[in-house]
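Engineer: One file: upload.tsv (TSV, C-alpha atoms and all ligand atoms).
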chain	number	residue	atom	x	y	z
A	17	MET	CA	-2.28	-4.38	18.94
A	18	ASP	CA	-5.99	-3.79	19.47
A	19	ASN	CA	-7.65	-0.43	19.07
A	20	ASN	CA	-7.80	0.43	22.75
A	21	GLN	CA	-4.09	-0.25	23.14
A	22	MET	CA	-3.39	1.81	20.07
A	23	ILE	CA	-5.42	4.74	21.34
A	24	ALA	CA	-3.65	4.54	24.69
A	25	GLU	CA	-0.24	4.60	22.98
A	26	LEU	CA	-1.24	7.42	20.65
A	27	GLN	CA	-2.42	9.45	23.61
A	28	GLN	CA	1.04	9.10	25.16
A	29	LEU	CA	2.45	10.83	22.09
A	30	ILE	CA	-0.22	13.34	21.24
A	31	ASN	CA	-2.67	15.36	23.26
A	32	PRO	CA	-6.01	13.44	23.13
A	33	GLU	CA	-7.68	16.66	21.99
A	34	HIS	CA	-5.79	16.25	18.72
A	35	ILE	CA	-6.84	12.65	18.04
A	36	PHE	CA	-10.17	12.03	16.31
A	37	ILE	CA	-11.50	8.50	16.00
A	38	ASP	CA	-13.62	7.46	13.01
A	39	GLU	CA	-13.39	10.95	11.58
A	40	TYR	CA	-15.18	11.55	8.28
A	41	LEU	CA	-12.58	12.68	5.76
A	42	LYS	CA	-15.22	14.41	3.65
A	43	LYS	CA	-14.86	17.16	6.27
A	44	HIS	CA	-11.22	17.54	5.30
A	45	THR	CA	-11.22	17.25	1.51
A	46	TYR	CA	-11.99	19.88	-1.09
A	47	THR	CA	-14.24	17.53	-3.04
A	48	LYS	CA	-16.27	16.87	0.16
A	49	LEU	CA	-15.81	13.15	-0.50
A	50	GLY	CA	-14.37	10.39	1.62
A	51	GLY	CA	-15.27	7.89	4.30
A	52	LYS	CA	-13.82	7.68	7.79
A	53	ALA	CA	-10.23	7.62	8.97
A	54	ASP	CA	-9.64	5.19	11.83
A	55	PHE	CA	-7.51	7.86	13.51
A	56	PHE	CA	-7.28	11.44	12.33
A	57	VAL	CA	-4.41	13.16	14.09
A	58	THR	CA	-3.63	16.89	14.03
A	59	PRO	CA	-0.61	17.52	16.26
A	60	PRO	CA	0.79	20.99	16.83
A	61	LEU	CA	4.38	21.65	15.71
A	62	ILE	CA	6.51	21.34	18.80
A	63	LEU	CA	9.87	20.48	17.32
A	64	ARG	CA	11.90	23.67	17.25
A	65	LYS	CA	15.34	22.31	18.10
A	66	TYR	CA	16.61	21.43	14.64
A	67	LYS	CA	19.90	23.19	13.84
A	68	LYS	CA	20.45	24.24	10.21
B	24	MET	CA	4.53	9.64	15.32
B	25	ILE	CA	6.44	8.12	12.42
B	26	ARG	CA	8.51	5.93	14.68
B	27	PHE	CA	5.30	4.84	16.40
B	28	ALA	CA	3.66	3.97	13.08
B	29	ASN	CA	6.79	2.10	11.94
B	30	LYS	CA	7.07	0.20	15.20
B	31	THR	CA	3.42	-0.83	15.25
B	32	ASN	CA	3.08	-1.34	11.49
B	33	ILE	CA	0.06	0.92	11.41
B	34	PRO	CA	-0.70	2.36	7.97
B	35	PHE	CA	0.06	6.04	7.87
B	36	THR	CA	-1.33	8.62	5.43
B	37	LEU	CA	-0.56	12.29	5.19
B	38	LEU	CA	-3.23	14.82	4.29
B	39	GLY	CA	-2.71	18.48	3.51
B	40	ASN	CA	-5.72	20.57	2.62
B	41	GLY	CA	-7.23	17.66	0.68
B	42	SER	CA	-7.40	19.74	-2.52
B	43	ASN	CA	-5.65	17.23	-4.74
B	44	VAL	CA	-6.90	13.95	-3.36
B	45	ILE	CA	-10.04	11.88	-3.61
B	46	VAL	CA	-10.66	9.71	-0.59
B	47	ARG	CA	-12.76	6.65	-1.39
B	48	ASP	CA	-16.06	6.04	0.40
B	49	GLY	CA	-14.62	3.33	2.66
B	50	GLY	CA	-12.17	5.81	4.15
B	51	ILE	CA	-8.58	5.24	5.20
B	52	ARG	CA	-7.34	2.60	7.63
B	53	GLY	CA	-4.79	3.47	10.26
B	54	ILE	CA	-3.58	6.98	11.02
B	55	VAL	CA	-4.29	10.01	8.88
B	56	LEU	CA	-1.92	12.79	9.86
B	57	SER	CA	-2.94	16.37	9.19
B	58	LEU	CA	-0.37	19.12	9.66
B	59	LYS	CA	-2.97	21.89	9.53
B	60	ARG	CA	-1.74	23.26	12.84
B	61	PHE	CA	1.74	23.96	11.40
B	62	LEU	CA	0.72	27.45	10.37
B	63	ASN	CA	3.54	29.87	10.93
B	64	VAL	CA	4.86	31.98	8.06
B	65	ARG	CA	7.81	34.30	8.63
B	66	ARG	CA	10.48	36.32	6.84
B	67	GLU	CA	14.24	36.00	7.05
B	68	GLY	CA	16.03	38.42	4.75
B	69	ASN	CA	14.42	37.99	1.34
B	70	LYS	CA	13.19	34.51	2.19
B	71	VAL	CA	9.72	33.46	3.22
B	72	ILE	CA	9.73	30.47	5.53
B	73	ALA	CA	6.40	28.72	5.82
B	74	GLU	CA	5.37	25.77	7.93
B	75	SER	CA	3.87	22.96	5.92
B	76	GLY	CA	0.28	23.27	7.11
B	77	ALA	CA	0.01	26.93	6.18
B	78	ARG	CA	-1.89	27.51	2.97
B	79	ILE	CA	0.35	28.43	0.05
B	80	ILE	CA	-2.16	31.26	-0.53
B	81	ASP	CA	-1.25	32.64	2.89
B	82	ALA	CA	2.47	32.37	2.09
B	83	SER	CA	1.86	34.37	-1.11
B	84	ARG	CA	-0.21	36.97	0.78
B	85	PHE	CA	2.53	37.26	3.38
B	86	ALA	CA	5.09	37.79	0.58
B	87	LEU	CA	2.85	40.54	-0.81
B	88	GLN	CA	2.62	42.19	2.59
B	89	GLU	CA	6.43	42.11	2.77
B	90	SER	CA	6.78	43.36	-0.86
B	91	LEU	CA	8.60	40.18	-1.87
B	92	THR	CA	8.05	38.87	-5.39
B	93	GLY	CA	8.15	35.28	-6.68
B	94	LEU	CA	5.14	33.59	-5.09
B	95	GLU	CA	2.40	35.44	-6.98
B	96	PHE	CA	1.59	32.39	-9.15
B	97	SER	CA	0.38	30.51	-6.08
B	98	CYS	CA	-2.11	33.10	-4.84
B	99	GLY	CA	-5.16	30.99	-5.79
B	100	ILE	CA	-3.90	27.44	-5.22
B	101	PRO	CA	-5.96	26.08	-2.32
B	102	GLY	CA	-3.40	23.62	-0.95
B	103	THR	CA	-1.01	23.70	1.97
B	104	VAL	CA	2.68	24.45	1.61
B	105	GLY	CA	3.42	20.72	2.15
B	106	GLY	CA	0.96	19.68	-0.56
B	107	ALA	CA	2.32	22.34	-2.90
B	108	LEU	CA	5.86	20.95	-2.57
B	109	TYR	CA	4.66	17.37	-2.96
B	110	MET	CA	2.81	18.26	-6.19
B	111	ASN	CA	5.24	20.97	-7.34
B	112	ALA	CA	2.09	23.05	-7.63
B	113	GLY	CA	2.03	25.70	-10.28
B	114	ALA	CA	-0.17	28.05	-12.24
B	115	TYR	CA	-0.01	30.75	-14.89
B	116	GLY	CA	3.63	30.10	-15.79
B	117	GLY	CA	5.05	29.74	-12.28
B	118	GLU	CA	5.65	26.72	-10.09
B	119	VAL	CA	7.10	25.87	-6.68
B	120	LYS	CA	10.35	24.75	-8.32
B	121	ASP	CA	11.05	28.34	-9.43
B	122	CYS	CA	11.35	29.77	-5.93
B	123	LEU	CA	11.84	26.92	-3.45
B	124	GLU	CA	15.27	27.00	-1.85
B	125	SER	CA	15.00	24.09	0.58
B	126	ALA	CA	12.63	22.13	2.77
B	127	LEU	CA	12.82	20.83	6.31
B	128	VAL	CA	11.53	17.25	6.26
B	129	VAL	CA	11.09	14.25	8.48
B	130	ASP	CA	12.38	11.12	6.75
B	131	SER	CA	10.96	7.61	6.95
B	132	LYS	CA	13.08	6.84	10.02
B	133	GLY	CA	11.69	9.83	11.87
B	134	ASP	CA	14.82	12.00	11.56
B	135	ILE	CA	14.65	15.68	10.64
B	136	LEU	CA	16.79	16.91	7.78
B	137	ARG	CA	17.08	19.87	5.45
B	138	VAL	CA	16.84	19.01	1.77
B	139	ALA	CA	17.84	21.37	-1.04
B	140	ALA	CA	15.10	22.01	-3.63
B	141	GLU	CA	17.15	20.37	-6.40
B	142	ASP	CA	17.19	17.14	-4.40
B	143	LEU	CA	13.37	16.95	-4.39
B	144	ASN	CA	13.23	16.27	-8.15
B	145	LEU	CA	10.47	18.83	-8.66
B	146	GLU	CA	8.95	18.25	-12.09
B	147	TYR	CA	5.56	18.93	-13.67
B	148	ARG	CA	3.08	18.20	-10.83
B	149	THR	CA	5.41	15.73	-9.17
B	150	SER	CA	8.36	15.37	-6.81
B	151	ASN	CA	10.25	12.56	-5.13
B	152	ILE	CA	8.70	13.36	-1.72
B	153	ALA	CA	6.52	10.22	-1.69
B	154	LYS	CA	9.30	7.99	-3.00
B	155	LYS	CA	11.66	9.20	-0.30
B	156	GLY	CA	8.96	8.95	2.36
B	157	TYR	CA	9.46	12.57	3.42
B	158	ILE	CA	7.03	14.60	5.46
B	159	VAL	CA	7.52	18.27	4.76
B	160	ILE	CA	7.64	20.35	7.92
B	161	GLU	CA	8.71	23.71	6.57
B	162	ALA	CA	9.63	25.31	3.24
B	163	THR	CA	12.04	28.14	2.49
B	164	PHE	CA	11.18	30.23	-0.56
B	165	ALA	CA	13.92	32.50	-1.94
B	166	LEU	CA	12.19	35.65	-3.22
B	167	GLN	CA	13.24	39.07	-4.47
B	168	ILE	CA	12.36	42.54	-3.27
B	169	GLY	CA	9.58	43.92	-5.43
B	170	LYS	CA	7.03	46.71	-5.50
B	171	HIS	CA	3.92	46.09	-3.43
B	172	GLU	CA	1.53	47.56	-6.02
B	173	GLU	CA	3.05	45.52	-8.87
B	174	ILE	CA	2.88	42.28	-6.90
B	175	LYS	CA	-0.71	43.07	-5.92
B	176	ALA	CA	-1.67	43.85	-9.53
B	177	ILE	CA	-0.35	40.44	-10.67
B	178	MET	CA	-2.17	38.64	-7.87
B	179	ASP	CA	-5.43	40.50	-8.56
B	180	ASP	CA	-5.18	39.63	-12.23
B	181	LEU	CA	-4.55	35.93	-11.53
B	182	THR	CA	-7.41	35.85	-9.02
B	183	TYR	CA	-9.76	37.41	-11.58
B	184	LYS	CA	-8.71	34.85	-14.23
B	185	ARG	CA	-9.23	31.99	-11.79
B	186	GLU	CA	-12.60	33.18	-10.54
B	187	SER	CA	-13.93	33.80	-14.04
B	188	LYS	CA	-12.76	30.47	-15.49
B	189	GLN	CA	-13.03	27.95	-12.67
B	190	PRO	CA	-16.20	26.51	-11.08
B	191	LEU	CA	-15.21	27.61	-7.58
B	192	GLU	CA	-18.85	27.51	-6.46
B	193	TYR	CA	-18.75	23.68	-6.34
B	194	PRO	CA	-16.47	21.29	-4.45
B	195	SER	CA	-13.79	19.83	-6.74
B	196	CYS	CA	-10.13	18.89	-6.76
B	197	GLY	CA	-9.13	21.39	-9.41
B	198	SER	CA	-7.77	20.08	-12.71
B	199	VAL	CA	-8.19	16.34	-12.52
B	200	PHE	CA	-5.74	15.44	-15.29
B	201	LYS	CA	-2.18	16.37	-16.15
B	202	ARG	CA	-1.53	18.16	-19.42
B	203	PRO	CA	-0.82	15.42	-21.98
B	204	PRO	CA	2.21	16.29	-24.13
B	205	GLY	CA	1.06	18.34	-27.12
B	206	TYR	CA	-2.55	18.77	-25.90
B	207	PHE	CA	-4.67	20.46	-23.28
B	208	ALA	CA	-6.75	18.10	-21.15
B	209	GLY	CA	-9.63	20.59	-20.88
B	210	LYS	CA	-9.83	21.07	-24.66
B	211	LEU	CA	-9.83	17.31	-25.32
B	212	ILE	CA	-12.65	16.85	-22.78
B	213	GLN	CA	-14.60	19.77	-24.21
B	214	ASP	CA	-14.21	18.41	-27.76
B	215	SER	CA	-15.44	15.03	-26.52
B	216	ASP	CA	-18.76	16.68	-25.57
B	217	LEU	CA	-18.38	15.63	-21.99
B	218	GLN	CA	-19.18	18.91	-20.23
B	219	GLY	CA	-22.29	18.55	-18.09
B	220	LYS	CA	-22.13	14.74	-18.32
B	221	GLY	CA	-22.03	12.99	-14.99
B	222	ILE	CA	-22.68	9.98	-12.83
B	223	GLY	CA	-24.63	10.29	-9.58
B	224	GLY	CA	-23.83	13.66	-8.05
B	225	ALA	CA	-20.53	14.21	-9.92
B	226	GLU	CA	-20.18	15.81	-13.32
B	227	VAL	CA	-17.72	17.36	-15.75
B	228	SER	CA	-17.94	21.10	-15.14
B	229	THR	CA	-19.74	23.18	-17.74
B	230	LYS	CA	-17.50	26.12	-16.83
B	231	HIS	CA	-14.08	24.41	-17.09
B	232	ALA	CA	-13.88	21.00	-18.76
B	233	GLY	CA	-10.75	20.03	-16.80
B	234	PHE	CA	-12.71	20.11	-13.54
B	235	ILE	CA	-15.08	17.44	-12.23
B	236	VAL	CA	-17.43	18.93	-9.66
B	237	ASN	CA	-19.33	17.44	-6.78
B	238	LYS	CA	-22.59	19.02	-7.82
B	239	ASN	CA	-25.07	17.14	-5.70
B	240	GLN	CA	-23.88	15.03	-2.77
B	241	ALA	CA	-21.69	12.82	-4.95
B	242	THR	CA	-19.93	9.79	-3.55
B	243	ALA	CA	-16.27	9.11	-4.24
B	244	THR	CA	-17.44	6.20	-6.39
B	245	ASP	CA	-19.47	8.62	-8.56
B	246	TYR	CA	-16.50	10.94	-8.84
B	247	ILE	CA	-14.03	8.20	-9.77
B	248	SER	CA	-16.53	6.76	-12.28
B	249	VAL	CA	-16.69	10.15	-14.01
B	250	ILE	CA	-12.87	10.26	-14.14
B	251	GLU	CA	-12.84	6.82	-15.79
B	252	MET	CA	-15.61	7.79	-18.21
B	253	VAL	CA	-13.61	10.86	-19.29
B	254	GLN	CA	-10.40	8.83	-19.70
B	255	LYS	CA	-12.16	6.18	-21.82
B	256	THR	CA	-13.99	8.69	-24.00
B	257	VAL	CA	-10.91	10.81	-24.70
B	258	LYS	CA	-8.89	7.69	-25.47
B	259	TYR	CA	-11.60	6.48	-27.85
B	260	LYS	CA	-12.06	9.83	-29.61
B	261	PHE	CA	-8.49	11.14	-29.73
B	262	ASN	CA	-6.30	8.16	-28.78
B	263	VAL	CA	-4.80	10.23	-25.95
B	264	ASN	CA	-4.23	8.83	-22.46
B	265	LEU	CA	-5.23	11.30	-19.76
B	266	GLU	CA	-3.09	10.77	-16.70
B	267	ARG	CA	-4.63	11.73	-13.38
B	268	GLU	CA	-3.05	14.63	-11.50
B	269	VAL	CA	-5.26	13.99	-8.51
B	270	ARG	CA	-4.38	11.18	-6.10
B	271	ILE	CA	-6.92	8.58	-5.02
B	272	LEU	CA	-6.56	7.36	-1.44
B	273	GLY	CA	-8.30	4.82	0.79
B	274	GLU	CA	-10.58	1.95	0.07
B	275	ASP	CA	-14.05	1.32	-1.31
B	276	GLU	CA	-16.91	0.89	1.08
B	277	GLY	CA	-17.23	-2.63	2.43
B	278	VAL	CA	-13.81	-3.77	1.18
B	279	THR	CA	-12.46	-4.81	4.55
B	280	ASP	CA	-14.10	-5.68	7.80
B	281	LYS	CA	-14.11	-2.75	10.16
B	282	LYS	CA	-11.65	-3.17	12.98
B	283	SER	CA	-13.01	-4.89	16.02
A	301	LIG	C1	-10.26	24.83	-7.05
A	301	LIG	C2	-8.88	24.24	-7.14
A	301	LIG	C3	-7.90	24.88	-7.90
A	301	LIG	C4	-6.61	24.34	-8.01
A	301	LIG	N1	-5.67	24.99	-8.75
A	301	LIG	C5	-4.42	24.49	-8.84
A	301	LIG	C6	-3.41	25.16	-9.62
A	301	LIG	O1	-3.64	26.22	-10.19
A	301	LIG	N2	-2.18	24.59	-9.68
A	301	LIG	C7	-1.89	23.42	-9.03
A	301	LIG	O2	-0.75	22.96	-9.11
A	301	LIG	N3	-2.82	22.77	-8.30
A	301	LIG	C8	-4.06	23.28	-8.20
A	301	LIG	N4	-5.01	22.61	-7.46
A	301	LIG	C9	-4.66	21.32	-6.81
A	301	LIG	C10	-4.12	21.44	-5.38
A	301	LIG	O3	-4.59	22.61	-4.73
A	301	LIG	C11	-2.61	21.40	-5.34
A	301	LIG	O4	-2.11	20.21	-5.92
A	301	LIG	C12	-2.08	21.51	-3.91
A	301	LIG	O5	-0.69	21.68	-3.96
A	301	LIG	C13	-2.40	20.29	-3.04
A	301	LIG	O6	-2.12	20.63	-1.69
A	301	LIG	P1	-2.95	20.00	-0.47
A	301	LIG	O7	-2.38	20.56	0.78
A	301	LIG	O8	-4.39	20.18	-0.67
A	301	LIG	O9	-2.53	18.49	-0.61
A	301	LIG	P2	-3.45	17.21	-0.44
A	301	LIG	O10	-4.45	17.19	-1.55
A	301	LIG	O11	-3.96	17.11	0.93
A	301	LIG	O12	-2.36	16.09	-0.68
A	301	LIG	C14	-1.73	15.93	-1.93
A	301	LIG	C15	-0.53	15.02	-1.72
A	301	LIG	O13	0.45	15.72	-0.98
A	301	LIG	C16	0.87	14.96	0.14
A	301	LIG	N5	1.22	15.91	1.21
A	301	LIG	C17	0.42	16.85	1.76
A	301	LIG	N6	1.08	17.51	2.73
A	301	LIG	C18	2.32	16.98	2.79
A	301	LIG	C19	3.48	17.21	3.61
A	301	LIG	N7	3.48	18.13	4.58
A	301	LIG	N8	4.57	16.44	3.39
A	301	LIG	C20	4.58	15.49	2.44
A	301	LIG	N9	3.53	15.20	1.65
A	301	LIG	C21	2.41	15.95	1.81
A	301	LIG	C22	-0.32	14.10	0.49
A	301	LIG	O14	0.08	12.93	1.18
A	301	LIG	C23	-0.89	13.78	-0.88
A	301	LIG	O15	-0.24	12.67	-1.44
A	301	LIG	C24	-6.30	23.12	-7.34
A	301	LIG	C25	-7.30	22.49	-6.57
A	301	LIG	C26	-8.56	23.04	-6.47
A	301	LIG	C27	-9.60	22.36	-5.60
Before we go any further, please render this structure as structure tokens.

Structural biologist:
Amino acid sequence: MDNNQMIAELQQLINPEHIFIDEYLKKHTYTKLGGKADFFVTPPLILRKYKK
Amino acid sequence: MIRFANKTNIPFTLLGNGSNVIVRDGGIRGIVLSLKRFLNVRREGNKVIAESGARIIDASRFALQESLTGLEFSCGIPGTVGGALYMNAGAYGGEVKDCLESALVVDSKGDILRVAAEDLNLEYRTSNIAKKGYIVIEATFALQIGKHEEIKAIMDDLTYKRESKQPLEYPSCGSVFKRPPGYFAGKLIQDSDLQGKGIGGAEVSTKHAGFIVNKNQATATDYISVIEMVQKTVKYKFNVNLEREVRILGEDEGVTDKKS
């Protein structure tokens, strides 16, 4: 699967606003270290149907 | 998401608050999933139920607000609830294991299940969460009714200790090494004269020898090189192996061709 296909499929699952491409991980680590993630995904929690 | 990653064979990495990981300079291929939007913390009886992206600090503050005791130890740990379960985070004599009742997780097939705390094999700074391939969604902490002012006094005291002893003014990942049996990592590093020694922008903290700080625009390579220097020196001087507490993720710069 190429990247465009992958992005298209990801966008079916998750709001595009919550998908970041080539996101620097130094923005998300305490050490402020780290190169890019191909896809950085931050979905909201929508699953509320689980029964204990 | 998990089913999608499984189906497409895309590598999948979970990140909490990034306070116990070092990501290499080449970054991480595939999907990095952050649950930072899973923020809700609520009370049911004497239990605090926290979604995995909430900071464990916020769960402890919520417990204080509700006059529930048991989470005070975690009031200065900068990770998420999910990361705290994964690491069995602990401080000043307390740890997640002491008060966790159960966790709601997604397993490697993408199914949601509730797992009792004893089935997570919570031990010193470890659990079986990675081995089982679980993603923590929510944690239930069983607490006791306490007195607001007493809980607050404990949290204030722990915060004071932390702020006076730890180099919180610099980026770091906290204590880099686990406590070796019979020793203290910080003391071994201090006695090896390593404080203030560094490579590139990373150095062993002069305030707390167990911390390596990003003092001046360090790269992950600098940081990891300092970790290795400390491990080698302590091994040479004291014949003690320092095991990393912090996890290293991703790849070095230029290791693989960037995707087309
Ligand atoms: C200044 C400072 C002080 C610290 N003090 C302490 C201390 O006193 N005690 C202590 O124990 N630690 C301490 N730490 C380390 C760190 O805060 C803890 O280990 C924390 O629990 C890590 O949580 P995190 O969300 O940052 O996880 P991350 O660093 O993002 O991830 C750690 C691991 O947990 C996994 N993970 C994260 N979220 C989930 C989830 N929802 N489901 C499954 N796996 C998950 C990740 O994949 C990764 O493997 C300190 C760190 C710093 C920077």

Engineer: Would you mind listing, for every residue of chain B within 6 Å of ligand LIG 301 (chain A), the two atoms forming the shortest contact and the distance between them in Å to one decimal, using only C-alpha atoms and all ligand atoms, sorted by chain and ascending residue number, as CSV?

Structural biologist:
residue,atom,partner,partner_atom,distance
B:Leu37,CA,A:LIG301,O14,4.1
B:Leu38,CA,A:LIG301,O11,4.1
B:Gly39,CA,A:LIG301,O11,3.2
B:Asn40,CA,A:LIG301,O8,3.6
B:Gly41,CA,A:LIG301,O11,3.3
B:Ser42,CA,A:LIG301,O8,3.6
B:Asn43,CA,A:LIG301,O10,3.4
B:Val44,CA,A:LIG301,O10,4.4
B:Ser75,CA,A:LIG301,N7,5.0
B:Ile100,CA,A:LIG301,N1,4.6
B:Pro101,CA,A:LIG301,O3,4.4
B:Gly102,CA,A:LIG301,O6,3.3
B:Thr103,CA,A:LIG301,O7,3.6
B:Gly105,CA,A:LIG301,N7,3.6
B:Gly106,CA,A:LIG301,O6,3.4
B:Ala107,CA,A:LIG301,O5,3.3
B:Tyr109,CA,A:LIG301,O13,4.9
B:Met110,CA,A:LIG301,O4,5.3
B:Ala112,CA,A:LIG301,O2,3.2
B:Gly113,CA,A:LIG301,O2,4.1
B:Ala114,CA,A:LIG301,O1,4.4
B:Tyr157,CA,A:LIG301,C20,5.8
B:Ile158,CA,A:LIG301,N8,3.7
B:Val159,CA,A:LIG301,N8,3.7
B:Ile160,CA,A:LIG301,N7,5.8
B:Leu191,CA,A:LIG301,C1,5.7
B:Ser195,CA,A:LIG301,C27,5.0
B:Cys196,CA,A:LIG301,C27,3.7
B:Gly197,CA,A:LIG301,C26,3.4

Engineer: Compare B:Asp214, B:Asp48, B:Asp179, B:Asp130 by their minimum atom-to-atom distance to chain A, counting all atoms listed in the file, and give me the closest one.

Structural biologist: B:Asp48

Engineer: Please, which residues in chain B fall within 9 Å of chain A when counting only C-alpha atoms, and what is the closest atom pair and distance in Å to one decimal for each, ordered by chain then residue number, as a Markdown table?

Structural biologist:
| residue | atom | partner | partner_atom | distance |
| --- | --- | --- | --- | --- |
| B:Met24 | CA | A:Leu29 | CA | 7.2 |
| B:Phe27 | CA | A:Leu26 | CA | 8.2 |
| B:Thr31 | CA | A:Met17 | CA | 7.7 |
| B:Leu38 | CA | A:His44 | CA | 8.5 |
| B:Gly39 | CA | A:His44 | CA | 8.7 |
| B:Asn40 | CA | A:Thr45 | CA | 6.5 |
| B:Gly41 | CA | A:Thr45 | CA | 4.1 |
| B:Ser42 | CA | A:Tyr46 | CA | 4.8 |
| B:Asn43 | CA | A:Tyr46 | CA | 7.8 |
| B:Val44 | CA | A:Thr45 | CA | 7.3 |
| B:Ile45 | CA | A:Leu49 | CA | 6.7 |
| B:Val46 | CA | A:Gly50 | CA | 4.4 |
| B:Arg47 | CA | A:Gly50 | CA | 5.1 |
| B:Asp48 | CA | A:Gly51 | CA | 4.4 |
| B:Gly49 | CA | A:Gly51 | CA | 4.9 |
| B:Gly50 | CA | A:Gly51 | CA | 3.7 |
| B:Ile51 | CA | A:Ala53 | CA | 4.8 |
| B:Arg52 | CA | A:Asp54 | CA | 5.4 |
| B:Gly53 | CA | A:Asp54 | CA | 5.4 |
| B:Ile54 | CA | A:Phe55 | CA | 4.7 |
| B:Val55 | CA | A:Phe56 | CA | 4.8 |
| B:Leu56 | CA | A:Val57 | CA | 4.9 |
| B:Ser57 | CA | A:Thr58 | CA | 4.9 |
| B:Leu58 | CA | A:Thr58 | CA | 5.9 |
| B:Lys59 | CA | A:Thr58 | CA | 6.8 |
| B:Arg60 | CA | A:Pro60 | CA | 5.2 |
| B:Phe61 | CA | A:Leu61 | CA | 5.6 |
| B:Leu62 | CA | A:Leu61 | CA | 8.7 |
| B:Glu74 | CA | A:Leu61 | CA | 8.9 |
| B:Pro101 | CA | A:Tyr46 | CA | 8.7 |
| B:Ile135 | CA | A:Tyr66 | CA | 7.3 |
| B:Leu136 | CA | A:Tyr66 | CA | 8.2 |
| B:Arg137 | CA | A:Lys68 | CA | 7.3 |
| B:Ile160 | CA | A:Leu61 | CA | 8.5 |
| B:Tyr193 | CA | A:Thr47 | CA | 8.3 |
| B:Pro194 | CA | A:Thr47 | CA | 4.6 |
| B:Ser195 | CA | A:Thr47 | CA | 4.4 |
| B:Cys196 | CA | A:Thr47 | CA | 5.7 |
| B:Gly197 | CA | A:Tyr46 | CA | 8.9 |
| B:Val236 | CA | A:Thr47 | CA | 7.5 |
| B:Asn237 | CA | A:Thr47 | CA | 6.3 |
| B:Gln240 | CA | A:Lys48 | CA | 8.4 |
| B:Ala241 | CA | A:Leu49 | CA | 7.4 |
| B:Thr242 | CA | A:Leu49 | CA | 6.1 |
| B:Ala243 | CA | A:Leu49 | CA | 5.5 |
| B:Tyr246 | CA | A:Leu49 | CA | 8.7 |
| B:Leu272 | CA | A:Gly50 | CA | 8.9 |
| B:Gly273 | CA | A:Gly50 | CA | 8.3 |
| B:Glu274 | CA | A:Gly51 | CA | 8.7 |
| B:Asp275 | CA | A:Gly51 | CA | 8.7 |
| B:Glu276 | CA | A:Gly51 | CA | 7.9 |
| B:Lys282 | CA | A:Asn19 | CA | 7.8 |
| B:Ser283 | CA | A:Asn19 | CA | 7.6 |

Engineer: Just how far from atom CA of B:Thr229 is atom CA of B:Glu95, in Å to one decimal?

Structural biologist: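 It comes out at 27.5 Å.
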
Engineer: If we count all atoms listed in the file and set the cut-off at 12 Å, which residues sit around B:Asp142, ignoring sequence neighbours fewer than 6 positions away in its own chain? Please answer as an MDAnalysis selection string.

Structural biologist: chainID B and resid 120 123:126 150:152 155 157

Engineer: Take atom CA of B:Ile177 and atom CA of B:Cys122 and report the distance between them in Å, one decimal.

Structural biologist: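 Calculated distance between atom CA of B:Ile177 and atom CA of B:Cys122 is 16.5 Å.
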
Engineer: Hey, what's within 6 Å of B:Ala73 if we count only C-alpha atoms and toss same-chain stuff fewer than 6 positions away? As a PyMOL selection string, please?

Structural biologist: chain B and resi 63-64+161-162

Engineer: Take the point (-12.6, 10.9, -30.3) in the file's coordinates, draw a sphere of radius 10 Å around it, and report as a ChimeraX atom specification every protein, DNA or RNA residue with an atom inside or on it, counting all atoms listed in the file.

Structural biologist: /B:211-212,214-216,255-263

Engineer: For the atom pair atom CA of B:Lys154 and atom CA of B:Asp81, what is the interatomic distance in Å to one decimal place?

Structural biologist: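 Rounded to one decimal, the two atoms are 27.5 Å apart.
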
Engineer: Could you give me, as a count of residues only, the residues that have an atom at most 12 Å away from the point (-2.5, 37.4, 0.8) in the coordinates of the file, using only C-alpha atoms?

Structural biologist: 28
